[in-house]
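One file, query-v6.txt, carrying compact mmCIF, C-alpha atoms and all ligand atoms:
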```
# COMPACT_ATOMS: atom_id res chain seq x y z
CA ALA A 1 150.09 108.37 112.43
CA LYS A 2 152.06 109.81 115.28
CA GLU A 3 155.59 110.90 114.74
CA GLY A 4 158.21 111.96 117.19
CA GLY A 5 155.83 111.39 120.08
CA LYS A 6 153.92 114.62 119.41
CA ASN A 7 150.16 114.32 119.38
CA ARG A 8 149.68 116.28 116.22
CA ILE A 9 147.30 115.11 113.55
CA VAL A 10 148.96 114.06 110.35
CA ILE A 11 147.10 114.13 107.07
CA ILE A 12 147.55 110.82 105.35
CA GLN A 13 146.91 110.06 101.74
CA THR A 14 146.51 106.45 100.76
CA ASP A 15 147.14 105.29 97.20
CA GLU A 16 143.39 104.87 96.67
CA GLU A 17 142.60 108.46 97.55
CA LYS A 18 143.00 110.77 94.60
CA ILE A 19 143.58 114.39 95.41
CA THR A 20 140.82 116.48 93.81
CA LEU A 21 141.51 119.67 91.87
CA SER A 22 140.28 121.95 94.64
CA GLU A 23 142.35 120.01 97.17
CA SER A 24 145.45 120.35 95.04
CA GLN A 25 144.73 124.08 94.62
CA SER A 26 144.61 124.52 98.37
CA ILE A 27 147.83 122.50 98.70
CA VAL A 28 149.48 124.81 96.14
CA LEU A 29 148.45 127.81 98.25
CA MET A 30 149.81 126.12 101.35
CA ILE A 31 153.14 125.42 99.65
CA LYS A 32 153.43 128.97 98.34
CA GLU A 33 152.69 130.35 101.77
CA ALA A 34 155.20 127.97 103.36
CA LEU A 35 157.84 129.09 100.84
CA ARG A 36 157.09 132.72 101.66
CA LEU A 37 157.03 132.29 105.44
CA GLY A 38 159.51 129.44 105.78
CA ASN A 39 156.71 127.31 107.18
CA PHE A 40 158.34 124.02 106.29
CA LEU A 41 160.08 121.97 108.88
CA LEU A 42 162.58 119.15 108.81
CA TYR A 43 162.24 115.90 110.67
CA PHE A 44 165.32 113.76 111.14
CA GLN A 45 165.52 109.99 111.10
CA PRO A 46 168.73 108.28 112.24
CA VAL A 47 170.67 105.82 110.09
CA TYR A 48 172.76 103.36 112.08
CA ARG A 49 175.50 100.96 111.22
CA LEU A 50 174.15 97.56 112.16
CA ASP A 51 176.99 97.27 114.68
CA GLY A 52 175.22 100.07 116.55
CA SER A 53 176.93 103.37 115.69
CA LEU A 54 175.02 106.35 114.31
CA ILE A 55 176.28 107.46 110.91
CA HIS A 56 173.90 110.20 109.83
CA TYR A 57 170.34 111.48 109.78
CA GLU A 58 168.02 111.65 106.80
CA ALA A 59 166.18 114.98 106.63
CA LEU A 60 162.47 114.53 105.82
CA VAL A 61 160.45 117.61 104.96
CA ARG A 62 157.00 118.41 106.40
CA LEU A 63 154.75 121.42 106.22
CA TYR A 64 152.14 122.97 108.48
CA ASP A 65 148.61 123.47 107.21
CA HIS A 66 146.36 126.37 108.25
CA GLU A 67 145.37 124.62 111.47
CA GLY A 68 148.97 123.95 112.40
CA ARG A 69 148.72 120.26 111.56
CA ILE A 70 151.65 118.50 109.95
CA VAL A 71 151.31 117.49 106.30
CA LEU A 72 153.52 114.67 105.00
CA PRO A 73 155.57 114.91 101.79
CA GLY A 74 153.53 112.12 100.18
CA VAL A 75 150.65 114.60 100.09
CA PHE A 76 152.30 117.85 99.02
CA LEU A 77 155.35 116.80 96.98
CA PRO A 78 153.37 115.29 94.06
CA VAL A 79 151.37 118.53 93.90
CA ALA A 80 154.54 120.63 94.18
CA GLU A 81 156.06 118.57 91.37
CA LYS A 82 153.02 119.12 89.16
CA PHE A 83 153.00 122.88 89.72
CA GLY A 84 156.76 123.39 89.35
CA LEU A 85 157.35 124.22 93.02
CA VAL A 86 159.45 121.27 94.08
CA SER A 87 162.84 122.76 93.22
CA LEU A 88 162.03 125.70 95.50
CA ILE A 89 161.27 123.25 98.30
CA ASP A 90 164.54 121.40 97.63
CA ARG A 91 166.41 124.71 97.91
CA TRP A 92 164.74 125.45 101.22
CA VAL A 93 165.64 121.98 102.51
CA VAL A 94 169.30 122.17 101.46
CA HIS A 95 169.77 125.64 102.97
CA ASN A 96 168.14 124.65 106.23
CA ALA A 97 170.08 121.41 106.48
CA ILE A 98 173.36 123.31 106.05
CA ASP A 99 172.29 125.88 108.67
CA ILE A 100 171.53 123.02 111.06
CA LEU A 101 174.92 121.41 110.35
CA LYS A 102 176.58 124.72 111.13
CA ASP A 103 174.84 124.91 114.51
CA ASN A 104 175.40 121.22 115.33
CA PRO A 105 179.02 120.21 114.65
CA GLU A 106 178.39 116.53 115.50
CA MET A 107 175.67 116.03 112.90
CA TYR A 108 175.80 114.46 109.44
CA ILE A 109 172.71 114.96 107.26
CA PHE A 110 171.42 113.44 104.02
CA VAL A 111 168.73 115.34 102.09
CA ASN A 112 166.44 114.06 99.34
CA ILE A 113 166.85 115.60 95.90
CA SER A 114 163.91 115.56 93.50
CA ALA A 115 163.92 114.94 89.75
CA SER A 116 163.76 118.62 88.83
CA SER A 117 166.75 119.48 91.03
CA LEU A 118 169.15 116.72 90.08
CA GLY A 119 171.22 118.15 87.24
CA ASP A 120 170.14 121.76 87.92
CA GLU A 121 173.36 123.76 87.35
CA GLU A 122 172.06 126.80 89.19
CA LEU A 123 171.28 124.70 92.28
CA LEU A 124 174.70 123.07 92.04
CA LYS A 125 176.32 126.51 92.27
CA THR A 126 174.02 127.56 95.10
CA ILE A 127 174.84 124.44 97.10
CA THR A 128 178.58 124.71 96.51
CA ASN A 129 178.62 128.40 97.49
CA TYR A 130 176.41 127.90 100.51
CA ILE A 131 178.59 125.09 101.82
CA LYS A 132 181.72 127.24 101.40
CA GLN A 133 180.09 130.30 102.93
CA SER A 134 178.81 128.32 105.93
CA GLY A 135 182.18 126.78 106.71
CA VAL A 136 180.50 123.38 107.11
CA GLU A 137 182.69 120.43 106.05
CA ALA A 138 181.21 119.14 102.78
CA ASN A 139 181.50 115.51 103.89
CA ARG A 140 178.82 116.17 106.51
CA ILE A 141 176.17 116.62 103.85
CA GLY A 142 174.82 113.91 101.58
CA PHE A 143 172.19 113.69 98.88
CA GLU A 144 169.64 110.95 98.23
CA ILE A 145 168.69 110.53 94.60
CA THR A 146 166.64 107.86 92.85
CA GLU A 147 167.40 106.08 89.61
CA THR A 148 164.09 107.26 88.26
CA THR A 149 165.22 110.86 88.71
CA ALA A 150 168.77 110.23 87.48
CA ILE A 151 167.91 108.48 84.23
CA LYS A 152 165.94 111.46 82.91
CA ASP A 153 169.31 112.77 81.81
CA LEU A 154 172.00 110.40 82.95
CA PRO A 155 175.12 112.33 81.76
CA ARG A 156 173.79 115.50 83.38
CA ALA A 157 172.99 113.72 86.64
CA GLU A 158 176.40 112.08 86.63
CA HIS A 159 178.11 115.46 86.15
CA TRP A 160 176.06 117.02 88.97
CA ILE A 161 176.95 114.19 91.33
CA ARG A 162 180.65 114.24 90.43
CA LYS A 163 180.92 117.99 91.00
CA LEU A 164 179.53 117.66 94.54
CA LYS A 165 181.56 114.55 95.24
CA GLU A 166 184.70 116.47 94.23
CA ILE A 167 184.16 118.86 97.14
CA GLY A 168 183.46 115.95 99.51
CA CYS A 169 179.67 115.48 99.57
CA LYS A 170 178.22 111.98 99.82
CA PHE A 171 175.51 110.34 97.73
CA ALA A 172 172.96 107.59 98.26
CA LEU A 173 170.79 105.85 95.70
CA ASP A 174 167.31 105.79 97.27
CA ASP A 175 164.50 103.28 96.67
CA PHE A 176 166.90 100.78 95.15
CA GLY A 177 165.32 97.69 93.67
CA VAL A 178 162.05 99.30 92.59
CA GLY A 179 161.34 101.40 89.52
CA PHE A 180 163.91 101.44 86.76
CA SER A 181 166.72 99.71 88.61
CA SER A 182 169.40 98.51 86.29
CA PHE A 183 172.98 97.45 86.74
CA THR A 184 174.01 100.07 84.19
CA HIS A 185 172.80 102.91 86.39
CA LEU A 186 174.30 101.39 89.46
CA HIS A 187 177.60 101.15 87.65
CA LEU A 188 177.47 104.70 86.21
CA LEU A 189 176.19 106.63 89.20
CA PRO A 190 179.06 107.33 91.61
CA VAL A 191 177.04 106.89 94.81
CA ASP A 192 178.47 105.85 98.18
CA PHE A 193 175.37 104.16 99.56
CA LEU A 194 172.66 102.02 98.12
CA LYS A 195 169.37 102.19 100.00
CA ILE A 196 167.49 98.92 99.74
CA ASP A 197 163.85 99.88 99.32
CA GLY A 198 161.58 99.27 102.29
CA SER A 199 159.34 96.96 100.27
CA PHE A 200 162.12 94.33 100.33
CA VAL A 201 162.70 94.72 104.04
CA ARG A 202 159.12 94.72 105.27
CA ASP A 203 157.97 91.14 106.16
CA LEU A 204 161.53 89.94 105.70
CA ASP A 205 161.03 87.66 108.70
CA SER A 206 158.37 85.64 106.87
CA ASP A 207 159.45 85.95 103.26
CA TYR A 208 162.42 83.92 102.00
CA THR A 209 162.32 85.45 98.51
CA LYS A 210 162.96 88.88 99.97
CA ARG A 211 165.86 87.47 101.92
CA ALA A 212 167.41 86.15 98.69
CA LEU A 213 166.87 89.48 96.90
CA ILE A 214 168.48 91.48 99.68
CA LYS A 215 171.40 89.10 99.75
CA ALA A 216 171.89 89.64 96.00
CA MET A 217 171.56 93.45 96.17
CA ASN A 218 173.98 93.54 99.05
CA ALA A 219 176.53 91.43 97.15
CA VAL A 220 176.30 93.69 94.08
CA ALA A 221 176.70 96.84 96.19
CA HIS A 222 179.75 95.45 97.97
CA THR A 223 181.31 94.29 94.70
CA LEU A 224 181.02 97.88 93.45
CA GLY A 225 182.49 99.25 96.69
CA LYS A 226 179.23 100.75 98.00
CA SER A 227 177.65 100.39 101.42
CA THR A 228 174.05 99.28 101.90
CA ILE A 229 171.30 100.84 103.99
CA ALA A 230 168.10 98.87 104.59
CA GLU A 231 164.94 101.00 105.01
CA TYR A 232 161.87 100.04 107.09
CA VAL A 233 163.66 98.22 109.86
CA GLU A 234 160.50 97.79 111.90
CA ASN A 235 161.37 95.11 114.46
CA GLU A 236 164.09 93.10 116.16
CA GLN A 237 163.67 90.01 113.95
CA ILE A 238 164.17 92.03 110.77
CA LEU A 239 167.23 93.71 112.26
CA SER A 240 168.77 90.37 113.15
CA ILE A 241 168.16 88.92 109.65
CA LEU A 242 169.75 92.03 108.09
CA LYS A 243 172.79 91.50 110.29
CA ASP A 244 172.97 87.86 109.17
CA LEU A 245 172.78 88.99 105.55
CA ASN A 246 175.73 91.30 106.13
CA VAL A 247 173.82 94.51 105.33
CA ASP A 248 175.84 97.53 106.49
CA CYS A 249 173.30 100.02 107.82
CA GLY A 250 169.65 100.33 108.74
CA GLN A 251 166.92 102.93 109.13
CA GLY A 252 163.37 102.45 110.35
CA TYR A 253 160.81 102.89 113.10
CA TYR A 254 162.47 100.20 115.23
CA LEU A 255 165.82 102.03 115.17
CA GLY A 256 164.45 105.57 115.37
CA MET A 257 161.37 107.51 114.31
CA PRO A 258 161.62 110.65 112.17
CA SER A 259 161.65 113.39 114.81
CA PRO A 260 161.99 117.15 115.11
CA LEU A 261 165.51 118.49 115.68
CA GLU A 262 164.87 119.38 119.36
CA GLN A 263 164.03 115.78 120.02
CA ILE A 264 167.12 114.17 118.51
CA LEU A 265 169.58 116.59 120.07
P1 LIG B 301 162.21 108.22 101.29
O1 LIG B 301 163.31 109.15 100.98
O2 LIG B 301 162.33 106.82 100.81
O3 LIG B 301 162.03 108.31 102.87
C1 LIG B 301 161.66 107.24 103.67
C2 LIG B 301 160.22 107.34 104.09
O4 LIG B 301 159.89 106.15 104.84
C3 LIG B 301 159.90 108.50 105.02
O5 LIG B 301 158.57 108.91 104.76
C4 LIG B 301 159.98 107.85 106.40
O6 LIG B 301 159.22 108.52 107.38
C5 LIG B 301 159.40 106.50 106.11
N1 LIG B 301 159.87 105.47 107.05
C6 LIG B 301 161.03 105.46 107.75
N2 LIG B 301 161.16 104.35 108.49
C7 LIG B 301 160.04 103.61 108.26
C8 LIG B 301 159.59 102.33 108.74
O7 LIG B 301 160.22 101.67 109.54
N3 LIG B 301 158.39 101.90 108.27
C9 LIG B 301 157.64 102.62 107.38
N4 LIG B 301 156.49 102.11 106.97
N5 LIG B 301 158.05 103.83 106.90
C10 LIG B 301 159.24 104.31 107.33
P2 LIG B 301 158.18 110.44 104.53
O8 LIG B 301 158.93 111.31 105.48
O9 LIG B 301 156.70 110.52 104.52
O10 LIG B 301 158.76 110.74 103.11
C11 LIG B 301 158.23 110.14 101.96
C12 LIG B 301 159.06 110.46 100.75
O11 LIG B 301 158.99 111.86 100.43
C13 LIG B 301 160.55 110.19 100.93
O12 LIG B 301 160.81 108.83 100.74
C14 LIG B 301 161.15 111.07 99.86
O13 LIG B 301 161.10 110.45 98.61
C15 LIG B 301 160.22 112.25 99.87
N6 LIG B 301 160.82 113.34 100.66
C16 LIG B 301 160.85 113.50 101.99
N7 LIG B 301 161.49 114.63 102.33
C17 LIG B 301 161.90 115.21 101.17
C18 LIG B 301 162.63 116.40 100.85
O14 LIG B 301 163.08 117.18 101.71
N8 LIG B 301 162.84 116.67 99.51
C19 LIG B 301 162.39 115.83 98.54
N9 LIG B 301 162.64 116.15 97.27
N10 LIG B 301 161.73 114.68 98.81
C20 LIG B 301 161.47 114.38 100.11
MG MG B 302 165.26 109.24 101.08
MG MG B 303 164.18 105.87 100.89
MG MG B 304 161.46 104.55 99.93
```
Show how you would write the structure in this file as structure tokens.
Amino acid sequence: AKEGGKNRIVIIQTDEEKITLSESQSIVLMIKEALRLGNFLLYFQPVYRLDGSLIHYEALVRLYDHEGRIVLPGVFLPVAEKFGLVSLIDRWVVHNAIDILKDNPEMYIFVNISASSLGDEELLKTITNYIKQSGVEANRIGFEITETTAIKDLPRAEHWIRKLKEIGCKFALDDFGVGFSSFTHLHLLPVDFLKIDGSFVRDLDSDYTKRALIKAMNAVAHTLGKSTIAEYVENEQILSILKDLNVDCGQGYYLGMPSPLEQIL
């Protein structure tokens, strides 16, 4: 896969491929080195209102391997999770995103928060302090969480979210519609956006069931006062159906590829 127009090789892991023990050991070493040297990098993918205006970017983490090739999060995050390194990566991502916001006053960024970070009191303090210290307006940073991560300890997650919302940060519920989606969570989690999972959006042009499901998710979100973002907007036809269905925002290869900062500026 090519991203951002750069001809770098990307290591791809399909669902069928299981990472072997020695592979995961070398990934652990890569992650530790990246944490030590700051060898991660952030790609940014735009999220647009379907009327055309840019609302924010989602930050997507990557890392360089020994040959300087880019490794995708689908490869290294499961390993990081298993070896207890993912909260360190999340910290790196949040700090870097805030630094980038400081340098680029026009930008709004959403970062992904993993299961081990959501509810972490220490991280909550770090984020709050770093935002204050940086002088960046808190409403320019948002956090993407999933229900699967939130329901591990719902009251704790809710508290964490409310504390950051109090200072002005935004929240999005990622991968909505897959996993442990329930109306209870949707009702309890004070998120601003609901991200309709890409699996509902892909092939939308040929699948009427998906159309009905998106229509329903969109109605529920709007009833609860939340905006919707459709992932995987891959072509013009899909975009036009999403507009017809009254979805608020979209993100996907058709609207903008994840790209390095230099490229989006
Ligand atoms: P996600 O948060 O649901 O991010 C969307 C993923 O879909 C990204 O993959 C993005 O490149 C990809 N994508 C965007 N538009 C399209 C499209 O039109 N078609 C298709 N087929 N794919 C599209 P990526 O960057 O490989 O990230 C995968 C997952 O890794 C993310 O899913 C997120 O759960 C996780 N992740 C990424 N960055 C971070 C991070 O900084 N921290 C944490 N904790 N997780 C991250
Ligand atoms: Mg996300
Ligand atoms: Mg997503
Ligand atoms: Mg997704």
Contacts to ligand MG 302 (chain B) at 6 Å cut-off (only C-alpha atoms and all ligand atoms) as a short mmCIF file (atom, residue, chain, number, x, y, z; two decimals) with C-alpha atoms, in the frame of the given file:
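The result, stored in result.cif:
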```
data_model
loop_
_atom_site.label_atom_id
_atom_site.label_comp_id
_atom_site.auth_asym_id
_atom_site.auth_seq_id
_atom_site.Cartn_x
_atom_site.Cartn_y
_atom_site.Cartn_z
CA ASN A 112 166.44 114.06 99.34
CA GLU A 144 169.64 110.95 98.23
CA ASP A 174 167.31 105.79 97.27
#
```
Would you give me, as CSV, each residue of chain A having an atom within 12 Å of an atom of ligand MG 303 (chain B), along with its shortest atom pair and that distance in Å to one decimal, using all atoms listed in the file and sorting by chain and residue number?
```
residue,atom,partner,partner_atom,distance
A:Gln45,CA,B:MG303,MG,11.1
A:Val47,CA,B:MG303,MG,11.3
A:Glu58,CA,B:MG303,MG,9.1
A:Ala59,CA,B:MG303,MG,11.0
A:Leu60,CA,B:MG303,MG,10.1
A:Phe110,CA,B:MG303,MG,10.9
A:Val111,CA,B:MG303,MG,10.6
A:Asn112,CA,B:MG303,MG,8.6
A:Ile113,CA,B:MG303,MG,11.3
A:Phe143,CA,B:MG303,MG,11.4
A:Glu144,CA,B:MG303,MG,7.9
A:Ile145,CA,B:MG303,MG,9.0
A:Thr146,CA,B:MG303,MG,8.6
A:Glu147,CA,B:MG303,MG,11.7
A:Ala172,CA,B:MG303,MG,9.3
A:Leu173,CA,B:MG303,MG,8.4
A:Asp174,CA,B:MG303,MG,4.8
A:Asp175,CA,B:MG303,MG,5.0
A:Phe176,CA,B:MG303,MG,8.1
A:Gly177,CA,B:MG303,MG,11.0
A:Val178,CA,B:MG303,MG,10.8
A:Phe193,CA,B:MG303,MG,11.4
A:Leu194,CA,B:MG303,MG,9.7
A:Lys195,CA,B:MG303,MG,6.4
A:Ile196,CA,B:MG303,MG,7.8
A:Asp197,CA,B:MG303,MG,6.2
A:Gly198,CA,B:MG303,MG,7.2
A:Ser199,CA,B:MG303,MG,10.2
A:Phe200,CA,B:MG303,MG,11.7
A:Val201,CA,B:MG303,MG,11.7
A:Thr228,CA,B:MG303,MG,11.9
A:Ile229,CA,B:MG303,MG,9.3
A:Ala230,CA,B:MG303,MG,8.8
A:Glu231,CA,B:MG303,MG,6.4
A:Tyr232,CA,B:MG303,MG,8.8
A:Val233,CA,B:MG303,MG,11.8
A:Gly250,CA,B:MG303,MG,11.1
A:Gln251,CA,B:MG303,MG,9.2
A:Gly252,CA,B:MG303,MG,10.1
```
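Reported to one decimal place, the separation of CA of Ile109 (chain A) from atom C10 of ligand LIG 301 (chain B) is 17.2 Å.
Coordinates place CA of Ala80 (chain A) at a distance of 16.8 Å from CA of Asp120 (chain A).
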Applying 12 Å and all atoms listed in the file, which residues near Pro155 (chain A) remain after dropping the ones on its own chain fewer than 3 positions away? List them as a PDB file with C-alpha atoms, in the frame of the given file.
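around18.pdb was written with the following content:
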```pdb
ATOM      1  CA  LEU A 118     169.150 116.720  90.080  1.00  0.00           C
ATOM      2  CA  GLY A 119     171.220 118.150  87.240  1.00  0.00           C
ATOM      3  CA  ALA A 150     168.770 110.230  87.480  1.00  0.00           C
ATOM      4  CA  ILE A 151     167.910 108.480  84.230  1.00  0.00           C
ATOM      5  CA  LYS A 152     165.940 111.460  82.910  1.00  0.00           C
ATOM      6  CA  GLU A 158     176.400 112.080  86.630  1.00  0.00           C
ATOM      7  CA  HIS A 159     178.110 115.460  86.150  1.00  0.00           C
ATOM      8  CA  TRP A 160     176.060 117.020  88.970  1.00  0.00           C
ATOM      9  CA  ILE A 161     176.950 114.190  91.330  1.00  0.00           C
ATOM     10  CA  ARG A 162     180.650 114.240  90.430  1.00  0.00           C
ATOM     11  CA  HIS A 185     172.800 102.910  86.390  1.00  0.00           C
ATOM     12  CA  LEU A 188     177.470 104.700  86.210  1.00  0.00           C
ATOM     13  CA  LEU A 189     176.190 106.630  89.200  1.00  0.00           C
ATOM     14  CA  PRO A 190     179.060 107.330  91.610  1.00  0.00           C
TER      15      PRO A 190
END
```
